[in-house]
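Here is the file run_36.cif (mmCIF, C-alpha atoms).
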data_upload
loop_
_atom_site.label_atom_id
_atom_site.label_comp_id
_atom_site.auth_asym_id
_atom_site.auth_seq_id
_atom_site.Cartn_x
_atom_site.Cartn_y
_atom_site.Cartn_z
CA MET M 1 23.99 -137.91 -125.15
CA GLY M 2 25.22 -134.33 -125.30
CA ASN M 3 23.22 -133.55 -128.42
CA ALA M 4 20.09 -135.14 -126.94
CA THR M 5 20.47 -132.84 -123.94
CA GLU M 6 20.78 -129.81 -126.20
CA TRP M 7 17.66 -130.68 -128.19
CA PHE M 8 15.60 -131.84 -125.21
CA ASP M 9 14.61 -128.17 -124.84
CA TYR M 10 13.18 -127.97 -128.35
CA GLY M 11 11.08 -131.07 -127.77
CA VAL M 12 9.79 -129.68 -124.47
CA TYR M 13 9.02 -126.27 -125.95
CA ALA M 14 7.07 -127.83 -128.82
CA ALA M 15 5.12 -130.19 -126.55
CA THR M 16 4.30 -127.46 -123.99
CA ALA M 17 3.42 -124.76 -126.54
CA THR M 18 -0.21 -124.55 -125.45
CA TYR M 19 0.76 -124.21 -121.78
CA LEU M 20 3.37 -121.57 -122.55
CA THR M 21 0.77 -119.63 -124.49
CA ASP M 22 -1.49 -119.48 -121.43
CA ALA M 23 1.40 -118.65 -119.08
CA PHE M 24 3.22 -116.01 -121.11
CA PHE M 25 1.07 -114.90 -124.06
CA PRO M 26 -2.60 -114.72 -123.02
CA GLY M 27 -4.96 -113.24 -125.59
CA GLU M 28 -6.22 -113.87 -129.10
CA LEU M 29 -2.74 -113.84 -130.68
CA GLY M 30 -1.21 -115.96 -127.93
CA THR M 31 -0.17 -118.86 -130.17
CA LEU M 32 1.65 -116.46 -132.46
CA GLY M 33 3.50 -115.14 -129.42
CA THR M 34 4.59 -118.65 -128.48
CA MET M 35 5.75 -119.34 -132.05
CA LEU M 36 7.60 -116.01 -131.97
CA GLY M 37 9.28 -117.19 -128.77
CA PHE M 38 10.45 -120.23 -130.68
CA ALA M 39 11.55 -118.27 -133.74
CA VAL M 40 13.42 -115.59 -131.81
CA SER M 41 15.78 -118.17 -130.35
CA PHE M 42 17.13 -118.47 -133.87
CA VAL M 43 17.92 -114.77 -134.22
CA LEU M 44 21.28 -115.09 -132.49
CA ARG M 45 22.15 -118.47 -133.96
CA PRO M 46 24.11 -116.87 -136.83
CA LEU M 47 25.96 -114.67 -134.33
CA GLY M 48 26.63 -117.74 -132.21
CA GLY M 49 27.97 -119.47 -135.31
CA MET M 50 30.23 -116.51 -136.09
CA VAL M 51 31.65 -116.65 -132.55
CA TRP M 52 31.78 -120.38 -131.82
CA GLY M 53 32.68 -121.58 -135.34
CA PRO M 54 35.98 -119.72 -135.83
CA LEU M 55 36.79 -120.35 -132.16
CA GLY M 56 36.31 -124.08 -132.71
CA ASP M 57 38.66 -123.94 -135.72
CA ARG M 58 41.30 -122.20 -133.60
CA VAL M 59 41.15 -123.79 -130.15
CA GLY M 60 39.48 -127.10 -130.98
CA ARG M 61 36.08 -128.75 -131.08
CA LYS M 62 36.07 -130.16 -127.54
CA ALA M 63 36.28 -126.91 -125.54
CA VAL M 64 33.51 -125.21 -127.48
CA LEU M 65 31.16 -128.20 -127.21
CA ALA M 66 31.62 -128.39 -123.43
CA THR M 67 30.80 -124.69 -123.09
CA THR M 68 27.71 -124.58 -125.30
CA ILE M 69 25.96 -127.39 -123.46
CA LEU M 70 26.32 -125.56 -120.13
CA LEU M 71 24.80 -122.39 -121.60
CA MET M 72 21.85 -124.29 -123.04
CA ALA M 73 21.13 -126.24 -119.85
CA ALA M 74 21.27 -123.11 -117.70
CA ALA M 75 18.92 -121.14 -119.96
CA THR M 76 16.46 -124.02 -120.24
CA GLY M 77 16.41 -124.58 -116.48
CA LEU M 78 15.72 -120.89 -115.86
CA ILE M 79 12.61 -121.05 -118.09
CA GLY M 80 11.22 -123.49 -115.54
CA VAL M 81 11.33 -120.88 -112.75
CA LEU M 82 10.11 -117.82 -114.68
CA PRO M 83 7.12 -115.86 -113.35
CA THR M 84 4.04 -115.90 -115.57
CA HIS M 85 2.23 -113.04 -117.31
CA GLY M 86 -0.39 -113.12 -114.58
CA GLN M 87 2.30 -112.50 -111.95
CA VAL M 88 4.57 -109.85 -113.52
CA GLY M 89 2.77 -108.79 -116.71
CA VAL M 90 4.74 -108.07 -119.86
CA LEU M 91 8.05 -108.78 -118.08
CA ALA M 92 7.26 -112.52 -118.25
CA PRO M 93 7.32 -112.90 -122.06
CA ILE M 94 10.34 -110.57 -122.23
CA LEU M 95 12.29 -112.85 -119.87
CA LEU M 96 11.19 -115.93 -121.80
CA ILE M 97 12.36 -114.46 -125.09
CA LEU M 98 15.66 -113.37 -123.52
CA LEU M 99 16.36 -116.93 -122.39
CA ARG M 100 15.40 -118.23 -125.83
CA VAL M 101 17.95 -115.86 -127.35
CA ILE M 102 20.66 -117.26 -125.03
CA GLN M 103 19.67 -120.75 -126.11
CA GLY M 104 19.94 -119.69 -129.74
CA PHE M 105 23.40 -118.23 -129.20
CA SER M 106 24.68 -121.45 -127.61
CA THR M 107 23.03 -123.63 -130.27
CA GLY M 108 24.83 -121.57 -132.92
CA GLY M 109 28.01 -123.40 -131.92
CA GLU M 110 26.50 -126.64 -130.75
CA TYR M 111 25.19 -128.43 -133.78
CA GLY M 112 27.98 -127.66 -136.23
CA GLY M 113 30.58 -128.55 -133.64
CA ALA M 114 28.97 -131.85 -132.72
CA ALA M 115 28.58 -132.88 -136.36
CA THR M 116 32.13 -131.79 -137.19
CA TYR M 117 33.57 -133.68 -134.24
CA LEU M 118 31.73 -136.89 -135.13
CA ALA M 119 32.68 -136.68 -138.81
CA GLU M 120 36.36 -136.10 -137.98
CA CYS M 121 36.51 -139.01 -135.54
CA ALA M 122 34.66 -141.54 -137.69
CA ASN M 123 36.17 -144.05 -140.11
CA ASP M 124 35.78 -142.74 -143.67
CA LYS M 125 33.90 -145.88 -144.74
CA LYS M 126 31.46 -145.68 -141.79
CA ARG M 127 31.02 -141.92 -141.46
CA GLY M 128 27.37 -142.06 -142.51
CA PHE M 129 26.47 -144.80 -140.03
CA LEU M 130 28.43 -143.39 -137.08
CA GLY M 131 27.42 -139.81 -137.83
CA SER M 132 23.75 -140.77 -137.88
CA PHE M 133 23.85 -141.24 -134.12
CA LEU M 134 24.10 -137.48 -133.71
CA GLU M 135 20.63 -137.25 -135.20
CA PHE M 136 19.59 -140.27 -133.16
CA GLY M 137 20.50 -138.06 -130.21
CA THR M 138 18.61 -135.09 -131.67
CA LEU M 139 15.42 -137.09 -132.02
CA GLY M 140 16.16 -138.66 -128.65
CA GLY M 141 16.00 -135.16 -127.19
CA PHE M 142 12.73 -134.46 -128.96
CA VAL M 143 11.31 -137.82 -127.85
CA GLY M 144 12.57 -137.31 -124.31
CA GLY M 145 10.95 -133.90 -124.15
CA SER M 146 7.65 -135.20 -125.54
CA ALA M 147 7.72 -138.27 -123.27
CA VAL M 148 8.31 -136.20 -120.13
CA VAL M 149 5.45 -133.86 -121.05
CA LEU M 150 3.15 -136.82 -121.79
CA ALA M 151 4.06 -138.46 -118.48
CA CYS M 152 3.28 -135.23 -116.64
CA GLN M 153 -0.04 -134.90 -118.47
CA LEU M 154 -1.05 -138.42 -117.49
CA VAL M 155 0.13 -138.17 -113.87
CA ILE M 156 -0.98 -134.70 -112.78
CA GLY M 157 -3.66 -133.89 -115.37
CA SER M 158 -4.35 -130.99 -117.71
CA ASP M 159 -5.33 -128.42 -115.07
CA ALA M 160 -2.13 -128.90 -113.09
CA MET M 161 -0.08 -128.79 -116.29
CA HIS M 162 -1.55 -125.42 -117.18
CA ASP M 163 -1.01 -124.18 -113.63
CA TRP M 164 2.53 -125.34 -112.74
CA GLY M 165 3.30 -128.75 -114.27
CA TRP M 166 4.75 -127.30 -117.48
CA ARG M 167 7.77 -126.20 -115.44
CA ILE M 168 8.91 -129.75 -114.61
CA PRO M 169 10.34 -130.69 -118.05
CA PHE M 170 12.37 -127.48 -118.26
CA LEU M 171 13.89 -128.03 -114.81
CA LEU M 172 15.00 -131.53 -115.82
CA ALA M 173 17.34 -129.96 -118.39
CA VAL M 174 19.74 -128.91 -115.61
CA PRO M 175 20.88 -132.40 -114.48
CA LEU M 176 20.84 -133.59 -118.09
CA GLY M 177 23.10 -130.69 -119.07
CA LEU M 178 25.56 -131.49 -116.30
CA ILE M 179 25.75 -135.11 -117.50
CA GLY M 180 26.34 -133.95 -121.07
CA TRP M 181 29.04 -131.51 -119.96
CA TYR M 182 30.82 -134.24 -117.99
CA LEU M 183 30.81 -136.58 -120.99
CA ARG M 184 32.07 -133.92 -123.40
CA ALA M 185 34.77 -132.68 -121.05
CA ARG M 186 36.29 -136.18 -121.05
CA LEU M 187 36.52 -136.46 -124.85
CA ASP M 188 39.81 -136.47 -126.74
CA GLU M 189 40.25 -133.78 -129.39
CA SER M 190 39.38 -134.66 -132.98
CA PRO M 191 42.40 -136.32 -134.68
CA VAL M 192 41.68 -134.53 -137.97
CA PHE M 193 41.73 -131.14 -136.24
CA THR M 194 44.87 -132.07 -134.29
CA GLU M 195 46.68 -133.06 -137.50
CA VAL M 196 45.97 -129.72 -139.19
CA SER M 197 46.57 -127.58 -136.09
CA GLU M 198 50.06 -129.06 -135.62
CA ASN M 199 51.09 -128.21 -139.20
CA PRO M 200 51.23 -124.94 -141.18
CA HIS M 201 47.90 -124.38 -142.89
CA PRO M 202 45.93 -121.67 -144.73
CA PRO M 203 44.25 -118.91 -142.70
CA THR M 204 41.15 -119.68 -140.67
CA GLY M 205 38.28 -117.35 -139.83
CA LEU M 206 35.26 -115.80 -141.48
CA ARG M 207 37.20 -113.73 -144.04
CA GLU M 208 38.93 -116.80 -145.46
CA LEU M 209 35.66 -118.72 -145.40
CA VAL M 210 33.60 -116.13 -147.26
CA SER M 211 36.29 -115.22 -149.78
CA SER M 212 37.37 -118.75 -150.73
CA TYR M 213 34.39 -121.03 -150.08
CA ARG M 214 31.29 -119.20 -151.32
CA ARG M 215 30.08 -122.15 -153.41
CA GLU M 216 30.30 -124.44 -150.39
CA LEU M 217 28.47 -121.96 -148.15
CA LEU M 218 25.63 -121.50 -150.64
CA THR M 219 25.31 -125.23 -151.26
CA LEU M 220 25.04 -125.89 -147.54
CA ALA M 221 22.58 -123.02 -147.03
CA GLY M 222 20.26 -124.29 -149.79
CA LEU M 223 20.23 -127.83 -148.41
CA VAL M 224 19.51 -126.48 -144.94
CA VAL M 225 16.46 -124.59 -146.23
CA ALA M 226 14.93 -127.90 -147.29
CA LEU M 227 16.13 -129.73 -144.19
CA ASN M 228 14.90 -127.29 -141.58
CA VAL M 229 11.60 -126.12 -143.03
CA VAL M 230 10.57 -129.78 -142.95
CA ASN M 231 12.22 -130.36 -139.57
CA TYR M 232 10.61 -127.50 -137.69
CA THR M 233 7.25 -127.97 -139.38
CA LEU M 234 7.07 -131.69 -138.62
CA LEU M 235 8.77 -131.81 -135.23
CA THR M 236 7.95 -128.44 -133.68
CA TYR M 237 4.86 -126.90 -135.25
CA GLN M 238 3.01 -130.18 -135.71
CA PRO M 239 1.59 -130.44 -132.13
CA THR M 240 0.08 -126.96 -132.45
CA TYR M 241 -1.21 -127.75 -135.95
CA LEU M 242 -2.86 -131.00 -134.88
CA GLN M 243 -4.55 -129.44 -131.86
CA LYS M 244 -5.73 -126.15 -133.37
CA THR M 245 -6.37 -127.07 -137.00
CA ILE M 246 -7.43 -130.71 -136.77
CA GLY M 247 -8.83 -130.68 -133.22
CA LEU M 248 -6.86 -133.50 -131.56
CA ASP M 249 -6.60 -133.34 -127.77
CA GLU M 250 -3.31 -132.71 -125.96
CA SER M 251 -2.50 -136.29 -124.91
CA THR M 252 -3.41 -137.77 -128.30
CA THR M 253 -1.22 -135.21 -130.06
CA THR M 254 1.74 -135.85 -127.78
CA THR M 255 1.33 -139.63 -128.16
CA MET M 256 1.18 -139.35 -131.96
CA MET M 257 4.32 -137.21 -132.05
CA LEU M 258 6.07 -139.68 -129.77
CA ILE M 259 5.21 -142.67 -131.98
CA GLY M 260 6.31 -140.89 -135.15
CA GLN M 261 9.60 -139.77 -133.64
CA LEU M 262 10.38 -143.25 -132.29
CA VAL M 263 9.83 -144.73 -135.76
CA MET M 264 12.19 -142.10 -137.18
CA MET M 265 14.83 -142.89 -134.53
CA VAL M 266 14.78 -146.60 -135.38
CA CYS M 267 15.32 -145.82 -139.07
CA ILE M 268 18.12 -143.26 -138.71
CA PRO M 269 21.11 -145.66 -138.31
CA PHE M 270 19.82 -147.76 -141.23
CA PHE M 271 19.77 -144.78 -143.61
CA GLY M 272 23.11 -143.54 -142.27
CA GLY M 273 24.69 -146.90 -143.08
CA LEU M 274 22.96 -146.99 -146.46
CA SER M 275 24.55 -143.67 -147.37
CA ASP M 276 27.99 -145.26 -146.85
CA ARG M 277 27.13 -147.81 -149.53
CA VAL M 278 25.19 -145.82 -152.13
CA GLY M 279 26.36 -142.27 -151.40
CA ARG M 280 24.85 -139.16 -149.82
CA ARG M 281 23.55 -137.57 -153.04
CA PRO M 282 21.14 -140.41 -154.02
CA LEU M 283 19.52 -140.41 -150.58
CA TRP M 284 19.08 -136.65 -150.59
CA LEU M 285 17.53 -136.81 -154.06
CA VAL M 286 14.98 -139.45 -153.03
CA SER M 287 14.12 -137.48 -149.89
CA LEU M 288 13.68 -134.12 -151.62
CA VAL M 289 11.60 -135.51 -154.48
CA GLY M 290 9.50 -137.65 -152.14
CA LEU M 291 8.66 -134.73 -149.86
CA ALA M 292 7.79 -132.49 -152.81
CA VAL M 293 5.40 -135.11 -154.22
CA LEU M 294 3.80 -136.41 -150.99
CA ALA M 295 3.55 -133.33 -148.74
CA VAL M 296 0.07 -132.28 -149.92
CA PRO M 297 -1.52 -135.78 -149.95
CA MET M 298 -0.16 -136.56 -146.47
CA TYR M 299 -1.37 -133.28 -144.96
CA TRP M 300 -4.77 -133.87 -146.50
CA LEU M 301 -4.73 -137.33 -144.93
CA MET M 302 -3.98 -135.85 -141.51
CA GLY M 303 -7.31 -134.03 -141.63
CA VAL M 304 -9.28 -137.25 -142.11
CA GLY M 305 -8.86 -138.61 -138.58
CA THR M 306 -6.46 -139.52 -135.77
CA ALA M 307 -5.23 -142.82 -137.25
CA TRP M 308 -4.67 -141.23 -140.66
CA ALA M 309 -2.87 -138.33 -138.99
CA VAL M 310 -0.37 -140.85 -137.61
CA VAL M 311 0.06 -142.41 -141.06
CA GLY M 312 0.60 -139.04 -142.73
CA PHE M 313 3.13 -137.94 -140.13
CA VAL M 314 5.08 -141.20 -140.28
CA VAL M 315 5.21 -141.22 -144.11
CA LEU M 316 6.58 -137.67 -144.25
CA GLY M 317 8.95 -138.48 -141.42
CA LEU M 318 10.33 -141.52 -143.28
CA PHE M 319 10.98 -139.47 -146.41
CA TYR M 320 12.67 -136.83 -144.26
CA ILE M 321 14.96 -139.37 -142.54
CA PRO M 322 17.46 -139.74 -145.45
CA GLN M 323 18.33 -136.05 -144.99
CA LEU M 324 18.36 -136.18 -141.21
CA ALA M 325 20.43 -139.37 -141.02
CA THR M 326 23.21 -138.01 -143.24
CA ILE M 327 23.69 -134.46 -141.91
CA SER M 328 26.78 -135.34 -139.90
CA ALA M 329 28.34 -137.12 -142.85
CA THR M 330 27.32 -134.67 -145.58
CA PHE M 331 27.61 -131.15 -144.19
CA PRO M 332 31.05 -131.24 -142.49
CA ALA M 333 32.52 -132.88 -145.61
CA ILE M 334 31.51 -129.87 -147.71
CA PHE M 335 34.42 -127.89 -146.18
CA PRO M 336 38.14 -128.51 -145.58
CA THR M 337 39.36 -128.92 -142.00
CA HIS M 338 40.72 -125.43 -141.31
CA VAL M 339 37.34 -123.74 -141.97
CA ARG M 340 35.03 -126.69 -141.32
CA TYR M 341 33.58 -125.66 -137.96
CA ALA M 342 33.11 -122.03 -139.06
CA GLY M 343 31.68 -123.01 -142.46
CA PHE M 344 29.17 -125.41 -140.98
CA ALA M 345 28.20 -123.06 -138.15
CA LEU M 346 27.76 -119.98 -140.36
CA GLY M 347 26.03 -121.58 -143.36
CA TYR M 348 23.81 -123.80 -141.25
CA ASN M 349 22.75 -121.19 -138.71
CA VAL M 350 22.06 -118.31 -141.10
CA SER M 351 19.83 -120.51 -143.22
CA THR M 352 18.18 -122.03 -140.15
CA ALA M 353 17.51 -118.62 -138.62
CA VAL M 354 15.81 -117.32 -141.77
CA PHE M 355 13.90 -120.40 -142.89
CA GLY M 356 13.98 -123.05 -140.16
CA GLY M 357 13.25 -121.37 -136.86
CA THR M 358 10.64 -119.16 -138.47
CA ALA M 359 8.74 -122.10 -139.99
CA PRO M 360 6.30 -122.53 -137.06
CA LEU M 361 5.66 -118.78 -136.99
CA VAL M 362 5.09 -118.57 -140.77
CA ASN M 363 2.82 -121.61 -140.77
CA GLU M 364 0.74 -120.30 -137.87
CA ALA M 365 0.50 -116.76 -139.28
CA VAL M 366 -0.69 -117.92 -142.71
CA ILE M 367 -3.23 -120.40 -141.31
CA GLU M 368 -4.54 -117.80 -138.83
CA SER M 369 -4.95 -115.13 -141.49
CA THR M 370 -6.21 -117.24 -144.40
CA GLY M 371 -7.57 -120.47 -142.91
CA TRP M 372 -5.51 -122.41 -145.47
CA SER M 373 -4.82 -125.60 -143.50
CA LEU M 374 -2.68 -127.15 -146.25
CA PHE M 375 -0.18 -124.28 -146.27
CA PRO M 376 2.51 -126.24 -144.31
CA ALA M 377 2.53 -128.83 -147.12
CA PHE M 378 3.11 -126.21 -149.81
CA TYR M 379 5.77 -124.55 -147.68
CA MET M 380 7.57 -127.91 -147.56
CA ILE M 381 7.31 -128.22 -151.34
CA GLY M 382 8.92 -124.82 -151.86
CA ALA M 383 11.73 -125.71 -149.48
CA ALA M 384 12.30 -129.05 -151.22
CA LEU M 385 12.64 -127.29 -154.58
CA VAL M 386 15.29 -124.95 -153.12
CA GLY M 387 17.06 -128.04 -151.80
CA LEU M 388 17.04 -129.66 -155.23
CA VAL M 389 18.83 -126.64 -156.71
CA ALA M 390 21.51 -126.86 -154.00
CA TRP M 391 21.73 -130.65 -154.45
CA ALA M 392 22.93 -130.10 -158.03
CA PHE M 393 26.08 -128.46 -156.64
CA LEU M 394 26.71 -130.99 -153.86
CA ARG M 395 29.88 -133.06 -154.24
CA GLU M 396 29.74 -136.74 -153.35
CA THR M 397 31.97 -137.44 -150.32
CA ALA M 398 30.95 -140.95 -149.25
CA GLY M 399 34.04 -143.00 -148.47
CA THR M 400 36.51 -140.19 -149.11
CA SER M 401 38.87 -138.66 -146.55
CA ILE M 402 37.98 -135.32 -144.96
CA ARG M 403 41.52 -134.74 -143.69
CA GLY M 404 43.61 -131.76 -144.68
CA THR M 405 43.01 -128.38 -146.23
CA GLU M 406 41.45 -129.27 -149.60
CA VAL M 407 37.71 -129.59 -150.28
CA PRO M 408 36.82 -133.32 -150.00
CA ASP M 409 35.58 -134.95 -153.21
CA ALA M 410 34.96 -138.67 -153.79
CA SER M 411 35.73 -138.27 -157.49
CA THR M 412 39.44 -138.11 -156.62
CA ASP M 413 41.44 -140.82 -154.91
CA GLU M 414 43.90 -138.45 -153.26
CA ILE M 415 43.92 -137.88 -149.53
CA PRO M 416 43.61 -134.10 -149.26
CA VAL M 417 46.32 -133.50 -146.66
CA THR M 418 48.42 -130.44 -147.35
CA PRO M 419 52.14 -131.23 -146.85
CA LYS M 420 54.16 -128.95 -144.59
CA ALA M 421 56.52 -127.98 -147.40
CA ALA M 422 53.68 -126.99 -149.74
CA VAL M 423 52.16 -124.63 -147.19
CA ALA M 424 55.52 -123.26 -146.09
#

Could you render the structure from this file as structure tokens?
Amino acid sequence: MGNATEWFDYGVYAATATYLTDAFFPGELGTLGTMLGFAVSFVLRPLGGMVWGPLGDRVGRKAVLATTILLMAAATGLIGVLPTHGQVGVLAPILLILLRVIQGFSTGGEYGGAATYLAECANDKKRGFLGSFLEFGTLGGFVGGSAVVLACQLVIGSDAMHDWGWRIPFLLAVPLGLIGWYLRARLDESPVFTEVSENPHPPTGLRELVSSYRRELLTLAGLVVALNVVNYTLLTYQPTYLQKTIGLDESTTTTMMLIGQLVMMVCIPFFGGLSDRVGRRPLWLVSLVGLAVLAVPMYWLMGVGTAWAVVGFVVLGLFYIPQLATISATFPAIFPTHVRYAGFALGYNVSTAVFGGTAPLVNEAVIESTGWSLFPAFYMIGAALVGLVAWAFLRETAGTSIRGTEVPDASTDEIPVTPKAAVA
């Protein structure tokens, strides 16, 4: 529920991109301005990770997660009351970008913390299945955002949406954020974190992370390149792509995105549970290879017609799901407990800021300048190849314990808990 609230904003922003362009970035390069507004929210994600990650390793996962959701909800709600470019001129897009930066800073601690908390609370044999519900919540946020926008389009019409209706979905983030905060504030602390924090353990913080866990950081960063280029191309840029490049109308585009995301949601727990049985690495391999092979044919298919656009989107979404469903089981297990939050937050957010959040902007800029409508497919292929290199260095952690201060590895049967005497 908390994660769905956090990602509700991203679904709303993607689904209202054309309205935001008219309200804040009028002119020939307006769509690029809107995509820049999306990308800039990722600029402070690495800084947010540097602040929230080490803090979460010191004071606990619970306190940080309760704080980040309040920041996100407040910033999202304020977007709904911003004046437009027609009312205050250039100040309007400046204020929008400022609020997007605040959102990026809070998200820098949100996702890694939520995944870490779930992984540390789950049974080792069911970590893939239980962890997949974090991504169920992520897509739930996207679906919720798209569904609210679609409902507004159908009820008040396109003219009203362009005029004032686009504000409604952003304002809804405020009560959702308060619900998410209430739920998170009532959580118990992660037992894995509590166990390590009550015993002597190696140093925490960014210096320890960078000096001792470079392989783990680079492995995570490479996987995230593949994960997020696909994620933000399919789930964020796709509405703009379908409307501008293929010519679908607003309601059809929103409906198509909604159907595709619902299909993905249904499949997520299945693939999460499958990873508990066959391992994380096989699922990632199938996903990366499948996306590299099918990206171009499916994007070509999207240009044939509306029905084929749905087919192409769903096929790519299904091949993406094995990555999405296993994030919460795979990424936290790359690091030991005392640097887990910081490692996830830093590696994930730096890679996301450079390659994920910029994906809509890069796609739009290349298509605008060259007219190459298949560029998003080739961008996905490049990202999948980077992911395959990182996959070669990924340790299998399905079924193994993630307790203690040693790097988890399913190839050993030991529980990596550092005894007090050994640390002392």

Do you know which residues are at most 7 Å from segment 354-356 of chain M counting all atoms listed in the file, after dropping those on the same chain fewer than 2 positions away, and could you put them as a PyMOL selection string?
chain M and resi 225+228-229+232+350-352+358-359

Just say which residues the PyMOL selection byres ((chain M and resi 17-32) around 7) picks in this file, as an MDAnalysis selection string.
chainID M and resid 13:16 33:36 84:85 92:93 162 166 361 364:365

Those residues with C-alpha atoms, as a PDB file, in the frame of the given file please?
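Saved file result02.pdb follows:
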ATOM      1  CA  TYR M  13       9.020-126.270-125.950  1.00  0.00           C
ATOM      2  CA  ALA M  14       7.070-127.830-128.820  1.00  0.00           C
ATOM      3  CA  ALA M  15       5.120-130.190-126.550  1.00  0.00           C
ATOM      4  CA  THR M  16       4.300-127.460-123.990  1.00  0.00           C
ATOM      5  CA  GLY M  33       3.500-115.140-129.420  1.00  0.00           C
ATOM      6  CA  THR M  34       4.590-118.650-128.480  1.00  0.00           C
ATOM      7  CA  MET M  35       5.750-119.340-132.050  1.00  0.00           C
ATOM      8  CA  LEU M  36       7.600-116.010-131.970  1.00  0.00           C
ATOM      9  CA  THR M  84       4.040-115.900-115.570  1.00  0.00           C
ATOM     10  CA  HIS M  85       2.230-113.040-117.310  1.00  0.00           C
ATOM     11  CA  ALA M  92       7.260-112.520-118.250  1.00  0.00           C
ATOM     12  CA  PRO M  93       7.320-112.900-122.060  1.00  0.00           C
ATOM     13  CA  HIS M 162      -1.550-125.420-117.180  1.00  0.00           C
ATOM     14  CA  TRP M 166       4.750-127.300-117.480  1.00  0.00           C
ATOM     15  CA  LEU M 361       5.660-118.780-136.990  1.00  0.00           C
ATOM     16  CA  GLU M 364       0.740-120.300-137.870  1.00  0.00           C
ATOM     17  CA  ALA M 365       0.500-116.760-139.280  1.00  0.00           C
TER      18      ALA M 365
END

Contacts of Pro175 of chain M within 10 Å, only C-alpha atoms, excl. fewer than 5 positions in-chain, as a list in words:
Thr5, Ala73, Ala74, Gly77, Gly180 and Trp181 of chain M

Within 9 Å of (28.8, -137.5, -154.2) in the file's own coordinates, which protein, DNA or RNA residues have an atom, counting only C-alpha atoms? List them as a VMD selection string.
chain M and resid 279 to 282 394 to 398 409 to 411

Kindly export the residues of the current selection with C-alpha atoms, as a PDB file, in the coordinates of the input.
ATOM      1  CA  GLY M 279      26.360-142.270-151.400  1.00  0.00           C
ATOM      2  CA  ARG M 280      24.850-139.160-149.820  1.00  0.00           C
ATOM      3  CA  ARG M 281      23.550-137.570-153.040  1.00  0.00           C
ATOM      4  CA  PRO M 282      21.140-140.410-154.020  1.00  0.00           C
ATOM      5  CA  LEU M 394      26.710-130.990-153.860  1.00  0.00           C
ATOM      6  CA  ARG M 395      29.880-133.060-154.240  1.00  0.00           C
ATOM      7  CA  GLU M 396      29.740-136.740-153.350  1.00  0.00           C
ATOM      8  CA  THR M 397      31.970-137.440-150.320  1.00  0.00           C
ATOM      9  CA  ALA M 398      30.950-140.950-149.250  1.00  0.00           C
ATOM     10  CA  ASP M 409      35.580-134.950-153.210  1.00  0.00           C
ATOM     11  CA  ALA M 410      34.960-138.670-153.790  1.00  0.00           C
ATOM     12  CA  SER M 411      35.730-138.270-157.490  1.00  0.00           C
TER      13      SER M 411
END

Suppose a student applies the PyMOL selection byres ((chain M and resi 340) around 12) to this structure; what residues should they get, written as a count of residues only?
55

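Here the PyMOL selection byres ((chain M and resi 177) around 10) matches the residues Met1, Gly2, Asn3, Ala4, Thr5, Glu6, Phe8, Ala66, Thr68, Ile69, Leu70, Leu71, Met72, Ala73, Ala74, Thr76, Gly77, Leu172, Ala173, Val174, Pro175, Leu176, Leu178, Ile179, Gly180, Trp181, Tyr182 and Leu183 of chain M.
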
Pull the neighbourhood of (8.8, -139.4, -123.9) for me: all residues within 10 Å in file coordinates, counting only C-alpha atoms, as an NGL selection string.
:M and (11-12 or 140-151 or 254-255 or 257-259 or 261-262)

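Note that the spacing between atom CA of Val366 of chain M and atom CA of Phe378 of chain M amounts to 11.6 Å.
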
Could you tell me how far atom CA of Val293 of chain M sits from atom CA of Val315 of chain M, in Å to one decimal place?
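Separating atom CA of Val315 of chain M from atom CA of Val293 of chain M is a distance of 11.8 Å.
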
Residue among M:Gly109, M:Gly222, M:Pro269, M:Pro169 lying closest to Val51 of chain M, counting only C-alpha atoms:
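Distance minimum relative to Val51 of chain M lands on M:Gly109.
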
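For the residues M:Ala226, M:Leu82, M:Ile321, M:Leu316, ranking by smallest atom-to-atom distance to Tyr299 of chain M using only C-alpha atoms places M:Leu316 first.
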
Which value, in Å to one decimal, gives the distance between atom CA of Val155 of chain M and atom CA of Gly312 of chain M?
28.9 Å
